[in-house]
>>> print(open('model-v9.csv').read())   # CSV, C-alpha atoms
chain,number,residue,atom,x,y,z
A,1,MET,CA,-0.6,0.0,-21.2
A,2,ASN,CA,-3.2,0.1,-18.4
A,3,GLY,CA,-3.0,-2.0,-15.3
A,4,PHE,CA,-0.9,-2.8,-12.2
A,5,LEU,CA,2.5,-4.2,-11.7
A,6,ASN,CA,3.4,-5.8,-8.4
A,7,ILE,CA,7.1,-4.8,-8.0
A,8,LEU,CA,9.5,-6.3,-5.5
A,9,LYS,CA,11.3,-3.1,-4.5
A,10,PRO,CA,15.0,-3.7,-3.5
A,11,PRO,CA,16.6,-2.1,-0.5
A,12,GLY,CA,18.5,1.1,-1.1
A,13,MET,CA,16.1,2.4,-3.8
A,14,THR,CA,13.3,5.0,-3.3
A,15,SER,CA,9.8,4.3,-4.4
A,16,ALA,CA,10.0,7.2,-6.8
A,17,ALA,CA,13.1,5.6,-8.4
A,18,VAL,CA,11.1,2.4,-9.0
A,19,VAL,CA,8.4,4.5,-10.7
A,20,ALA,CA,11.0,6.1,-12.9
A,21,VAL,CA,12.3,2.7,-14.0
A,22,VAL,CA,8.8,1.5,-14.8
A,23,LYS,CA,8.1,4.6,-16.9
A,24,ARG,CA,11.2,3.9,-18.9
A,25,LEU,CA,10.3,0.2,-19.4
A,26,THR,CA,6.7,0.9,-20.4
A,27,GLY,CA,7.0,4.2,-22.2
A,28,GLU,CA,4.0,5.4,-20.2
A,29,LYS,CA,4.0,8.9,-18.6
A,30,ARG,CA,1.2,8.0,-16.2
A,31,VAL,CA,2.9,5.8,-13.7
A,32,GLY,CA,2.6,6.0,-9.9
A,33,HIS,CA,3.0,3.8,-6.8
A,34,ALA,CA,0.4,3.0,-4.1
A,35,GLY,CA,2.0,3.2,-0.7
A,36,THR,CA,5.6,4.5,-0.2
A,37,LEU,CA,8.3,2.2,1.1
A,38,ASP,CA,11.3,3.7,2.9
A,39,PRO,CA,14.5,3.6,0.7
A,40,GLU,CA,16.2,1.0,2.9
A,41,ALA,CA,13.1,-1.2,3.1
A,42,ALA,CA,12.3,-4.0,0.5
A,43,GLY,CA,9.1,-5.6,-0.5
A,44,VAL,CA,5.8,-5.2,-2.3
A,45,LEU,CA,5.3,-2.0,-4.1
A,46,PRO,CA,2.1,-1.8,-6.2
A,47,VAL,CA,2.7,0.3,-9.3
A,48,MET,CA,-0.2,1.9,-11.2
A,49,ILE,CA,0.2,2.3,-15.0
A,50,GLY,CA,-1.9,4.4,-17.3
A,51,ARG,CA,-5.6,4.6,-16.3
A,52,ALA,CA,-5.0,2.4,-13.2
A,53,ALA,CA,-4.1,5.5,-11.3
A,54,ARG,CA,-7.8,6.5,-11.4
A,55,LEU,CA,-8.5,3.6,-9.1
A,56,PHE,CA,-6.1,4.6,-6.3
A,57,ASP,CA,-8.8,5.6,-3.9
A,58,TYR,CA,-10.5,2.2,-4.2
A,59,LEU,CA,-7.4,0.0,-3.5
A,60,VAL,CA,-7.4,-2.0,-0.3
A,61,ASP,CA,-4.2,-0.8,1.4
A,62,LYS,CA,-5.4,-1.0,5.0
A,63,GLU,CA,-4.2,-4.5,5.3
A,64,LYS,CA,-0.4,-4.7,5.4
A,65,ALA,CA,2.1,-7.2,6.6
A,66,TYR,CA,5.8,-6.6,7.3
A,67,VAL,CA,8.7,-8.8,8.4
A,68,ALA,CA,10.9,-6.7,10.6
A,69,GLU,CA,14.0,-7.1,12.8
A,70,ALA,CA,14.0,-5.2,16.0
A,71,ALA,CA,17.5,-4.7,17.4
A,72,PHE,CA,18.0,-4.0,21.1
A,73,GLY,CA,21.0,-2.0,22.5
A,74,TYR,CA,20.5,1.4,21.1
A,75,ALA,CA,17.9,3.8,19.7
A,76,THR,CA,18.3,6.3,16.9
A,77,ASP,CA,16.7,9.6,15.8
A,78,THR,CA,15.3,7.9,12.7
A,79,GLN,CA,14.2,4.8,14.6
A,80,ASP,CA,16.1,2.6,12.2
A,81,ALA,CA,19.7,1.6,11.5
A,82,THR,CA,20.4,4.7,9.3
A,83,GLY,CA,20.0,7.2,12.1
A,84,ARG,CA,22.2,8.9,14.7
A,85,VAL,CA,22.4,7.0,18.0
A,86,ILE,CA,20.6,8.9,20.7
A,87,GLU,CA,20.4,6.3,23.5
A,88,THR,CA,22.2,3.1,24.5
A,89,GLY,CA,21.5,0.3,27.0
A,90,THR,CA,22.6,-3.3,27.8
A,91,ALA,CA,19.6,-4.5,29.8
A,92,TYR,CA,18.6,-6.8,26.9
A,93,PRO,CA,15.1,-8.1,27.3
A,94,THR,CA,14.0,-11.7,27.3
A,95,ARG,CA,11.7,-13.1,24.7
A,96,GLU,CA,8.9,-13.1,27.3
A,97,GLN,CA,9.5,-9.5,28.0
A,98,VAL,CA,9.3,-8.6,24.3
A,99,ARG,CA,6.2,-10.7,24.0
A,100,ALA,CA,4.5,-8.8,26.8
A,101,ALA,CA,5.5,-5.4,25.3
A,102,ALA,CA,4.3,-6.5,21.9
A,103,ASP,CA,0.9,-7.3,23.4
A,104,GLN,CA,0.7,-3.7,24.6
A,105,LEU,CA,1.3,-2.5,21.0
A,106,THR,CA,-1.6,-4.4,19.3
A,107,GLY,CA,-5.1,-3.2,18.7
A,108,ASP,CA,-5.9,0.5,18.2
A,109,ILE,CA,-2.8,2.3,19.6
A,110,LEU,CA,-1.3,5.8,19.7
A,111,GLN,CA,2.0,6.0,17.9
A,112,ARG,CA,4.6,8.8,17.6
A,113,PRO,CA,6.7,8.3,14.5
A,114,SER,CA,10.2,9.6,14.1
A,115,MET,CA,10.7,13.2,13.1
A,116,TYR,CA,12.4,11.7,10.1
A,117,SER,CA,9.1,10.6,8.6
A,118,ALA,CA,7.1,11.5,5.5
A,119,ILE,CA,4.2,12.9,7.6
A,120,LYS,CA,3.5,16.4,6.5
A,121,GLN,CA,3.0,19.5,8.6
A,122,ASP,CA,1.9,22.6,6.9
A,123,GLY,CA,2.5,20.9,3.6
A,124,THR,CA,6.2,20.0,4.4
A,125,PRO,CA,7.4,16.5,5.1
A,126,MET,CA,8.7,16.2,8.6
A,127,TYR,CA,12.0,14.7,7.4
A,128,GLU,CA,12.8,17.9,5.4
A,129,ARG,CA,12.4,20.1,8.5
A,130,ALA,CA,14.4,17.6,10.6
A,131,ARG,CA,17.3,17.7,8.0
A,132,ARG,CA,17.3,21.5,8.2
A,133,GLY,CA,18.1,21.1,11.8
A,134,GLU,CA,14.7,22.0,13.1
A,135,THR,CA,13.4,20.3,16.3
A,136,VAL,CA,10.3,18.5,15.2
A,137,GLU,CA,7.9,16.6,17.4
A,138,VAL,CA,5.5,14.5,15.4
A,139,PRO,CA,2.0,14.5,16.9
A,140,LEU,CA,0.6,11.2,18.2
A,141,ARG,CA,-1.4,9.2,15.7
A,142,GLN,CA,-3.9,6.4,16.2
A,143,VAL,CA,-3.1,3.3,14.1
A,144,HIS,CA,-4.3,-0.2,14.1
A,145,VAL,CA,-2.0,-3.2,14.7
A,146,ALA,CA,-3.8,-6.5,14.2
A,147,SER,CA,-0.9,-8.7,15.4
A,148,ILE,CA,2.8,-9.0,16.2
A,149,THR,CA,4.2,-12.5,15.8
A,150,LEU,CA,7.7,-13.1,17.2
A,151,HIS,CA,10.1,-15.3,15.3
A,152,ASP,CA,13.8,-16.2,15.6
A,153,GLU,CA,16.4,-14.3,17.5
A,154,THR,CA,19.2,-12.8,15.4
A,155,PRO,CA,22.8,-11.9,16.1
A,156,ASN,CA,23.6,-8.7,18.0
A,157,HIS,CA,20.5,-8.8,20.1
A,158,GLY,CA,18.0,-8.8,17.3
A,159,LEU,CA,14.5,-10.4,17.0
A,160,LEU,CA,12.5,-11.1,13.8
A,161,MET,CA,8.8,-10.5,13.9
A,162,THR,CA,5.8,-10.2,11.5
A,163,VAL,CA,3.6,-7.2,12.0
A,164,ARG,CA,0.1,-7.1,10.5
A,165,CYS,CA,-1.3,-3.6,10.6
A,166,GLY,CA,-3.4,-1.0,9.0
A,167,ARG,CA,-2.6,2.0,6.9
A,168,GLY,CA,-0.2,4.7,8.3
A,169,THR,CA,1.5,2.4,10.8
A,170,TYR,CA,5.3,2.9,11.2
A,171,ILE,CA,7.1,-0.3,11.9
A,172,ARG,CA,10.2,1.7,13.0
A,173,SER,CA,8.1,3.2,15.7
A,174,ILE,CA,6.9,-0.2,16.9
A,175,CYS,CA,10.6,-1.3,17.3
A,176,ASP,CA,11.3,1.9,19.1
A,177,ASP,CA,8.3,1.4,21.4
A,178,LEU,CA,9.4,-2.2,22.1
A,179,GLY,CA,12.6,-0.7,23.5
A,180,LYS,CA,10.8,1.8,25.6
A,181,LEU,CA,8.4,-0.8,27.0
A,182,THR,CA,11.2,-3.3,27.8
A,183,GLY,CA,13.6,-0.8,29.3
A,184,CYS,CA,16.3,-1.4,26.6
A,185,PRO,CA,16.6,1.1,23.7
A,186,ALA,CA,15.8,-0.5,20.3
A,187,HIS,CA,15.6,0.4,16.6
A,188,MET,CA,14.5,-1.3,13.4
A,189,ARG,CA,17.4,-3.1,11.6
A,190,PHE,CA,15.5,-4.7,8.7
A,191,LEU,CA,12.1,-4.3,7.0
A,192,LEU,CA,10.4,-6.3,4.3
A,193,ARG,CA,6.8,-5.5,3.2
A,194,ALA,CA,5.2,-8.9,2.5
A,195,GLN,CA,1.7,-7.6,1.7
A,196,SER,CA,-0.1,-4.4,0.7
A,197,GLY,CA,-3.8,-5.2,0.3
A,198,VAL,CA,-4.1,-7.9,-2.3
A,199,PHE,CA,-0.5,-7.4,-3.5
A,200,THR,CA,1.7,-10.1,-2.0
A,201,LEU,CA,5.2,-11.4,-2.4
A,202,ASP,CA,4.2,-14.5,-4.3
A,203,THR,CA,2.9,-12.3,-7.2
A,204,ALA,CA,5.7,-9.8,-7.2
A,205,MET,CA,8.3,-9.4,-9.8
A,206,THR,CA,11.8,-7.8,-9.6
A,207,LEU,CA,12.8,-4.8,-11.7
A,208,GLU,CA,15.2,-7.2,-13.5
A,209,GLU,CA,12.4,-9.5,-14.4
A,210,ALA,CA,10.3,-6.5,-15.6
A,211,ALA,CA,13.2,-5.4,-17.7
A,212,GLN,CA,13.5,-8.9,-19.3
A,213,TYR,CA,9.8,-8.9,-20.1
A,214,SER,CA,10.1,-5.4,-21.6
A,215,ALA,CA,13.0,-6.4,-23.7
A,216,ALA,CA,11.0,-9.4,-25.0
A,217,GLY,CA,8.0,-7.2,-25.7
A,218,ALA,CA,6.0,-9.1,-23.2
A,219,LEU,CA,5.6,-6.8,-20.2
A,220,ALA,CA,2.0,-5.9,-21.1
A,221,GLU,CA,1.2,-9.6,-20.8
A,222,HIS,CA,2.2,-9.5,-17.1
A,223,LEU,CA,0.1,-6.5,-16.2
A,224,LEU,CA,-2.6,-7.2,-13.6
A,225,PRO,CA,-6.0,-6.1,-14.9
A,226,LEU,CA,-7.6,-2.8,-13.8
A,227,ASP,CA,-10.2,-4.5,-11.7
A,228,TRP,CA,-7.9,-7.2,-10.2
A,229,PRO,CA,-7.1,-5.3,-6.9
A,230,ILE,CA,-10.7,-4.1,-6.3
A,231,GLN,CA,-12.6,-7.4,-6.2
A,232,HIS,CA,-13.6,-6.5,-2.6
A,233,ILE,CA,-16.0,-3.9,-4.0
A,234,CYS,CA,-19.5,-4.9,-5.0
A,235,ARG,CA,-19.9,-5.7,-8.7
A,236,VAL,CA,-22.9,-4.5,-10.8
A,237,ASP,CA,-23.6,-5.8,-14.3
A,238,VAL,CA,-25.6,-3.3,-16.3
A,239,PRO,CA,-28.1,-4.8,-18.7
A,240,GLY,CA,-27.4,-4.4,-22.4
A,241,PHE,CA,-30.4,-2.1,-23.0
A,242,LEU,CA,-28.5,0.5,-21.0
A,243,GLU,CA,-25.4,0.3,-23.2
A,244,LYS,CA,-25.8,3.8,-24.6
A,245,GLN,CA,-26.0,5.3,-21.2
A,246,VAL,CA,-22.9,3.5,-20.1
A,247,VAL,CA,-20.9,4.4,-23.2
A,248,ASN,CA,-21.9,8.1,-22.8
A,249,GLY,CA,-21.2,8.3,-19.1
A,250,VAL,CA,-24.8,9.0,-18.2
A,251,LYS,CA,-26.2,8.4,-14.7
A,252,LEU,CA,-27.8,4.9,-14.6
A,253,PRO,CA,-31.3,4.4,-13.2
A,254,VAL,CA,-31.2,2.1,-10.2
A,255,LYS,CA,-34.7,0.8,-10.7
A,256,ARG,CA,-33.7,-0.7,-14.1
A,257,ILE,CA,-30.7,-2.6,-12.7
A,258,ALA,CA,-31.7,-5.5,-10.5
A,259,ALA,CA,-28.3,-5.8,-8.8
A,260,ALA,CA,-28.4,-2.1,-7.7
A,261,ARG,CA,-31.9,-1.8,-6.2
A,262,GLU,CA,-30.8,-2.8,-2.7
A,263,LEU,CA,-27.6,-0.8,-2.6
A,264,PRO,CA,-27.4,1.7,0.3
A,265,GLU,CA,-26.9,5.4,-0.4
A,266,GLY,CA,-23.2,6.2,-1.3
A,267,GLN,CA,-22.3,2.6,-1.9
A,268,ALA,CA,-19.4,2.4,-4.4
A,269,VAL,CA,-19.7,-0.4,-7.0
A,270,ARG,CA,-17.7,-1.8,-10.0
A,271,ILE,CA,-19.7,-1.3,-13.2
A,272,TYR,CA,-19.6,-4.0,-16.0
A,273,LEU,CA,-21.2,-4.1,-19.4
A,274,ASN,CA,-21.1,-7.3,-21.4
A,275,GLN,CA,-18.5,-8.6,-18.9
A,276,ALA,CA,-16.2,-5.7,-19.5
A,277,PHE,CA,-15.1,-3.4,-16.7
A,278,TRP,CA,-16.2,0.2,-17.3
A,279,GLY,CA,-15.3,2.0,-14.0
A,280,MET,CA,-16.7,3.0,-10.6
A,281,ALA,CA,-20.0,4.5,-9.6
A,282,ALA,CA,-21.9,5.1,-6.4
A,283,ARG,CA,-25.6,5.2,-5.6
A,284,GLU,CA,-27.0,8.8,-5.3
A,285,GLY,CA,-30.7,8.5,-4.7
A,286,ASP,CA,-32.3,6.8,-7.6
A,287,VAL,CA,-29.3,6.7,-9.8
A,288,LEU,CA,-25.8,5.3,-10.0
A,289,ALA,CA,-23.5,8.3,-10.6
A,290,TRP,CA,-20.1,7.7,-12.3
A,291,LYS,CA,-17.1,8.4,-10.0
A,292,CYS,CA,-14.5,7.1,-12.3
A,293,GLN,CA,-15.2,6.0,-15.8
A,294,ILE,CA,-12.6,3.8,-17.5
A,295,PRO,CA,-13.9,2.5,-20.9
A,296,PRO,CA,-12.3,-0.8,-21.8
A,297,GLU,CA,-9.7,-1.2,-24.6
A,298,ARG,CA,-11.3,-1.2,-28.0
A,299,SER,CA,-10.2,-4.8,-28.6
A,300,ASN,CA,-12.1,-5.9,-25.5
A,301,ILE,CA,-15.2,-4.1,-26.7
A,302,ASP,CA,-14.9,-5.8,-30.1
A,303,GLU,CA,-14.6,-9.2,-28.5
A,304,ASN,CA,-17.9,-8.7,-26.7
A,305,HIS,CA,-19.6,-7.4,-29.8
A,306,PRO,CA,-18.7,-9.9,-32.6
>>> encode(input="model-v9.csv", output="structure tokens")
Amino acid sequence: MNGFLNILKPPGMTSAAVVAVVKRLTGEKRVGHAGTLDPEAAGVLPVMIGRAARLFDYLVDKEKAYVAEAAFGYATDTQDATGRVIETGTAYPTREQVRAAADQLTGDILQRPSMYSAIKQDGTPMYERARRGETVEVPLRQVHVASITLHDETPNHGLLMTVRCGRGTYIRSICDDLGKLTGCPAHMRFLLRAQSGVFTLDTAMTLEEAAQYSAAGALAEHLLPLDWPIQHICRVDVPGFLEKQVVNGVKLPVKRIAAARELPEGQAVRIYLNQAFWGMAAREGDVLAWKCQIPPERSNIDENHP
């Protein structure tokens, strides 16, 4: 089995635990996820199966969307509802005040995540050091927040919002910063990832659904193809007379491939032969050099060569 599953991770489960379940359902040893979700968070978790893992570096995961609940009244050391309360306050902000604060947190901003984060320092995740009782200050990081849209107010001084952001953004920290900017301590009470690149909620399946498909012997039919999440990358169709070079993983001459002649140096492309996806290459001078070769399934090759 080679491809992607778009899993709807439930709250209370680690991303690694989801991978373990998918390994059991598929019987595949090569299974991994693209983009960790906190255990208490729910939402889209792209899972790579088999040779799909080779495409990790080409996935679009810069575009993410989250639905979160910011709760005002106290801040925690983890910046979410699971942590220890470190500050309280009752000067609850108005919606207008939150809107003004949110405007300050859009664009390219500097963010300081909680010490209970997966950011590594000297090879060790910060949360491991924090749990050992060490005092850890996470360095400021630049992240990009495209927009923060405010929604309905919720009980106990909460406010729902949608955050569209780039890779590495901590929504917990945005909630914490909203508290700092409005003068009322805040934390994140709820988080749902609605989008991770091209993976969205409307194409996601639950683990229960995946188990049902597996029991019926139909899980492979629900795999997303290897090239499905990388459609943003330029496609190059190699002419049939270069088939031997493709099959043998030989560098491909740019001058003999019309679609490749105008490619800039270093440009990554998807390589196709007879409509079948064969992997990734990049222009290096006068050739396309393979970066990740993934020969199609034998049945696919046979379909293209009757």
>>> closest_residue(input="model-v9.csv", among="A:Gln212, A:Thr78, A:Thr14, A:Gln142", to="Gly166 of chain A", atoms="only C-alpha atoms")
A:Gln142
>>> atom_distance(input="model-v9.csv", atom1="atom CA of Gly197 of chain A", atom2="atom CA of Glu284 of chain A")
27.7 Å
>>> residues_near_point(input="model-v9.csv", point="(-26.5, 0.6, -5.2)", cutoff="12 Å", atoms="only C-alpha atoms", output="PDB file with C-alpha atoms, keeping the file's coordinate frame")
ATOM      1  CA  ILE A 233     -16.000  -3.900  -4.000  1.00  0.00           C
ATOM      2  CA  CYS A 234     -19.500  -4.900  -5.000  1.00  0.00           C
ATOM      3  CA  ARG A 235     -19.900  -5.700  -8.700  1.00  0.00           C
ATOM      4  CA  VAL A 236     -22.900  -4.500 -10.800  1.00  0.00           C
ATOM      5  CA  ASP A 237     -23.600  -5.800 -14.300  1.00  0.00           C
ATOM      6  CA  VAL A 238     -25.600  -3.300 -16.300  1.00  0.00           C
ATOM      7  CA  LEU A 252     -27.800   4.900 -14.600  1.00  0.00           C
ATOM      8  CA  PRO A 253     -31.300   4.400 -13.200  1.00  0.00           C
ATOM      9  CA  VAL A 254     -31.200   2.100 -10.200  1.00  0.00           C
ATOM     10  CA  LYS A 255     -34.700   0.800 -10.700  1.00  0.00           C
ATOM     11  CA  ARG A 256     -33.700  -0.700 -14.100  1.00  0.00           C
ATOM     12  CA  ILE A 257     -30.700  -2.600 -12.700  1.00  0.00           C
ATOM     13  CA  ALA A 258     -31.700  -5.500 -10.500  1.00  0.00           C
ATOM     14  CA  ALA A 259     -28.300  -5.800  -8.800  1.00  0.00           C
ATOM     15  CA  ALA A 260     -28.400  -2.100  -7.700  1.00  0.00           C
ATOM     16  CA  ARG A 261     -31.900  -1.800  -6.200  1.00  0.00           C
ATOM     17  CA  GLU A 262     -30.800  -2.800  -2.700  1.00  0.00           C
ATOM     18  CA  LEU A 263     -27.600  -0.800  -2.600  1.00  0.00           C
ATOM     19  CA  PRO A 264     -27.400   1.700   0.300  1.00  0.00           C
ATOM     20  CA  GLU A 265     -26.900   5.400  -0.400  1.00  0.00           C
ATOM     21  CA  GLY A 266     -23.200   6.200  -1.300  1.00  0.00           C
ATOM     22  CA  GLN A 267     -22.300   2.600  -1.900  1.00  0.00           C
ATOM     23  CA  ALA A 268     -19.400   2.400  -4.400  1.00  0.00           C
ATOM     24  CA  VAL A 269     -19.700  -0.400  -7.000  1.00  0.00           C
ATOM     25  CA  ARG A 270     -17.700  -1.800 -10.000  1.00  0.00           C
ATOM     26  CA  ILE A 271     -19.700  -1.300 -13.200  1.00  0.00           C
ATOM     27  CA  MET A 280     -16.700   3.000 -10.600  1.00  0.00           C
ATOM     28  CA  ALA A 281     -20.000   4.500  -9.600  1.00  0.00           C
ATOM     29  CA  ALA A 282     -21.900   5.100  -6.400  1.00  0.00           C
ATOM     30  CA  ARG A 283     -25.600   5.200  -5.600  1.00  0.00           C
ATOM     31  CA  GLU A 284     -27.000   8.800  -5.300  1.00  0.00           C
ATOM     32  CA  GLY A 285     -30.700   8.500  -4.700  1.00  0.00           C
ATOM     33  CA  ASP A 286     -32.300   6.800  -7.600  1.00  0.00           C
ATOM     34  CA  VAL A 287     -29.300   6.700  -9.800  1.00  0.00           C
ATOM     35  CA  LEU A 288     -25.800   5.300 -10.000  1.00  0.00           C
ATOM     36  CA  ALA A 289     -23.500   8.300 -10.600  1.00  0.00           C
ATOM     37  CA  TRP A 290     -20.100   7.700 -12.300  1.00  0.00           C
TER      38      TRP A 290
END
>>> residues_around(input="model-v9.csv", residues="Met126 of chain A", least_positions_apart="3", cutoff="7 Å", atoms="only C-alpha atoms", output="MDAnalysis selection string")
chainID A and resid 115:121 129:130
>>> residues_around(input="model-v9.csv", residues="segment 49-61 of chain A", least_positions_apart="3", cutoff="10 Å", atoms="all atoms listed in the file", output="PyMOL selection string")
chain A and resi 1-5+19+22-23+26+28-35+46+64+166-168+195-199+223-233+268-269+279-280+291-295
>>> closest_residue(input="model-v9.csv", among="A:Ile174, A:Val67, A:Cys184, A:Ala75", to="Ile109 of chain A", atoms="only C-alpha atoms")
A:Ile174
>>> closest_residue(input="model-v9.csv", among="A:Gly43, A:Gly133, A:Pro113, A:Gly83", to="Leu207 of chain A", atoms="all atoms listed in the file")
A:Gly43
>>> atom_distance(input="model-v9.csv", atom1="atom CA of Arg131 of chain A", atom2="atom CA of Ile171 of chain A")
21.1 Å
>>> axis_aligned_box(input="model-v9.csv", around="segment 130-142 of chain A", padding_each_side="3 Å", output="JSON")
{"center_x": 7.1, "center_y": 14.2, "center_z": 13.1, "size_x": 28.0, "size_y": 21.6, "size_z": 16.2}
>>> closest_residue(input="model-v9.csv", among="A:Ser114, A:Gln97, A:Asn248, A:Ser214", to="Thr76 of chain A", atoms="all atoms listed in the file")
A:Ser114
>>> atom_distance(input="model-v9.csv", atom1="atom CA of Pro39 of chain A", atom2="atom CA of Thr154 of chain A")
22.5 Å
>>> closest_residue(input="model-v9.csv", among="A:Cys175, A:Val143, A:Val18, A:Leu105", to="Tyr74 of chain A", atoms="only C-alpha atoms")
A:Cys175
>>> residues_around(input="model-v9.csv", residues="His187 of chain A", least_positions_apart="2", cutoff="9 Å", atoms="all atoms listed in the file", output="compact mmCIF listing (two decimals) with C-alpha atoms, in the coordinates of the input")
# COMPACT_ATOMS: atom_id res chain seq x y z
CA GLU A 69 14.00 -7.10 12.80
CA ALA A 70 14.00 -5.20 16.00
CA ALA A 71 17.50 -4.70 17.40
CA PHE A 72 18.00 -4.00 21.10
CA GLY A 73 21.00 -2.00 22.50
CA TYR A 74 20.50 1.40 21.10
CA ALA A 75 17.90 3.80 19.70
CA THR A 76 18.30 6.30 16.90
CA THR A 78 15.30 7.90 12.70
CA GLN A 79 14.20 4.80 14.60
CA ASP A 80 16.10 2.60 12.20
CA ALA A 81 19.70 1.60 11.50
CA ARG A 172 10.20 1.70 13.00
CA SER A 173 8.10 3.20 15.70
CA ILE A 174 6.90 -0.20 16.90
CA CYS A 175 10.60 -1.30 17.30
CA ASP A 176 11.30 1.90 19.10
CA ASP A 177 8.30 1.40 21.40
CA LEU A 178 9.40 -2.20 22.10
CA GLY A 179 12.60 -0.70 23.50
CA PRO A 185 16.60 1.10 23.70
CA ARG A 189 17.40 -3.10 11.60
>>> closest_residue(input="model-v9.csv", among="A:Ser15, A:Thr88, A:Thr149, A:Thr82", to="Val47 of chain A", atoms="all atoms listed in the file")
A:Ser15
>>> decode(input="model-v9.csv", residues="segment 189-251 of chain A", atoms="C-alpha atoms", output="short mmCIF file (atom, residue, chain, number, x, y, z; two decimals), in the first residue's frame")
data_model
loop_
_atom_site.label_atom_id
_atom_site.label_comp_id
_atom_site.auth_asym_id
_atom_site.auth_seq_id
_atom_site.Cartn_x
_atom_site.Cartn_y
_atom_site.Cartn_z
CA ARG A 189 -9.45 25.83 25.56
CA PHE A 190 -10.14 24.01 22.28
CA LEU A 191 -8.32 23.36 19.00
CA LEU A 192 -9.39 21.79 15.71
CA ARG A 193 -7.11 21.70 12.66
CA ALA A 194 -9.37 22.20 9.67
CA GLN A 195 -6.67 22.27 6.98
CA SER A 196 -3.08 21.18 6.47
CA GLY A 197 -2.04 22.06 2.94
CA VAL A 198 -4.44 20.27 0.57
CA PHE A 199 -5.73 18.00 3.33
CA THR A 200 -9.05 19.33 4.64
CA LEU A 201 -11.88 18.18 6.90
CA ASP A 202 -14.20 17.35 4.01
CA THR A 203 -11.85 14.60 2.77
CA ALA A 204 -10.87 13.27 6.21
CA MET A 205 -11.90 9.89 7.64
CA THR A 206 -12.11 8.81 11.24
CA LEU A 207 -10.09 5.89 12.58
CA GLU A 208 -13.38 4.01 13.00
CA GLU A 209 -14.13 4.47 9.31
CA ALA A 210 -10.60 3.36 8.42
CA ALA A 211 -11.09 0.23 10.54
CA GLN A 212 -14.37 -0.55 8.77
CA TYR A 213 -12.74 -0.18 5.36
CA SER A 214 -9.85 -2.39 6.49
CA ALA A 215 -12.19 -5.09 7.78
CA ALA A 216 -13.96 -5.07 4.41
CA GLY A 217 -10.64 -5.28 2.55
CA ALA A 218 -11.31 -1.88 0.97
CA LEU A 219 -8.89 0.47 2.74
CA ALA A 220 -6.49 0.54 -0.22
CA GLU A 221 -9.33 1.89 -2.38
CA HIS A 222 -9.53 4.95 -0.13
CA LEU A 223 -5.83 5.83 -0.33
CA LEU A 224 -5.09 9.18 -1.90
CA PRO A 225 -2.61 8.75 -4.80
CA LEU A 226 1.07 9.53 -4.31
CA ASP A 227 0.92 12.65 -6.48
CA TRP A 228 -2.42 13.93 -5.11
CA PRO A 229 -0.98 16.35 -2.51
CA ILE A 230 1.82 17.68 -4.72
CA GLN A 231 -0.21 19.07 -7.62
CA HIS A 232 1.24 22.52 -6.86
CA ILE A 233 4.59 21.37 -8.27
CA CYS A 234 5.26 21.66 -11.99
CA ARG A 235 4.57 18.51 -14.02
CA VAL A 236 6.93 17.25 -16.73
CA ASP A 237 5.86 14.49 -19.11
CA VAL A 238 8.87 12.65 -20.46
CA PRO A 239 8.61 11.46 -24.07
CA GLY A 240 8.44 7.72 -24.67
CA PHE A 241 11.86 7.53 -26.36
CA LEU A 242 13.43 8.33 -22.96
CA GLU A 243 11.64 5.44 -21.24
CA LYS A 244 14.83 3.44 -20.67
CA GLN A 245 16.49 6.40 -18.92
CA VAL A 246 13.45 6.90 -16.69
CA VAL A 247 13.18 3.22 -15.75
CA ASN A 248 16.90 3.04 -14.93
CA GLY A 249 16.93 6.27 -12.92
CA VAL A 250 19.33 7.99 -15.31
CA LYS A 251 19.56 11.79 -15.48
#
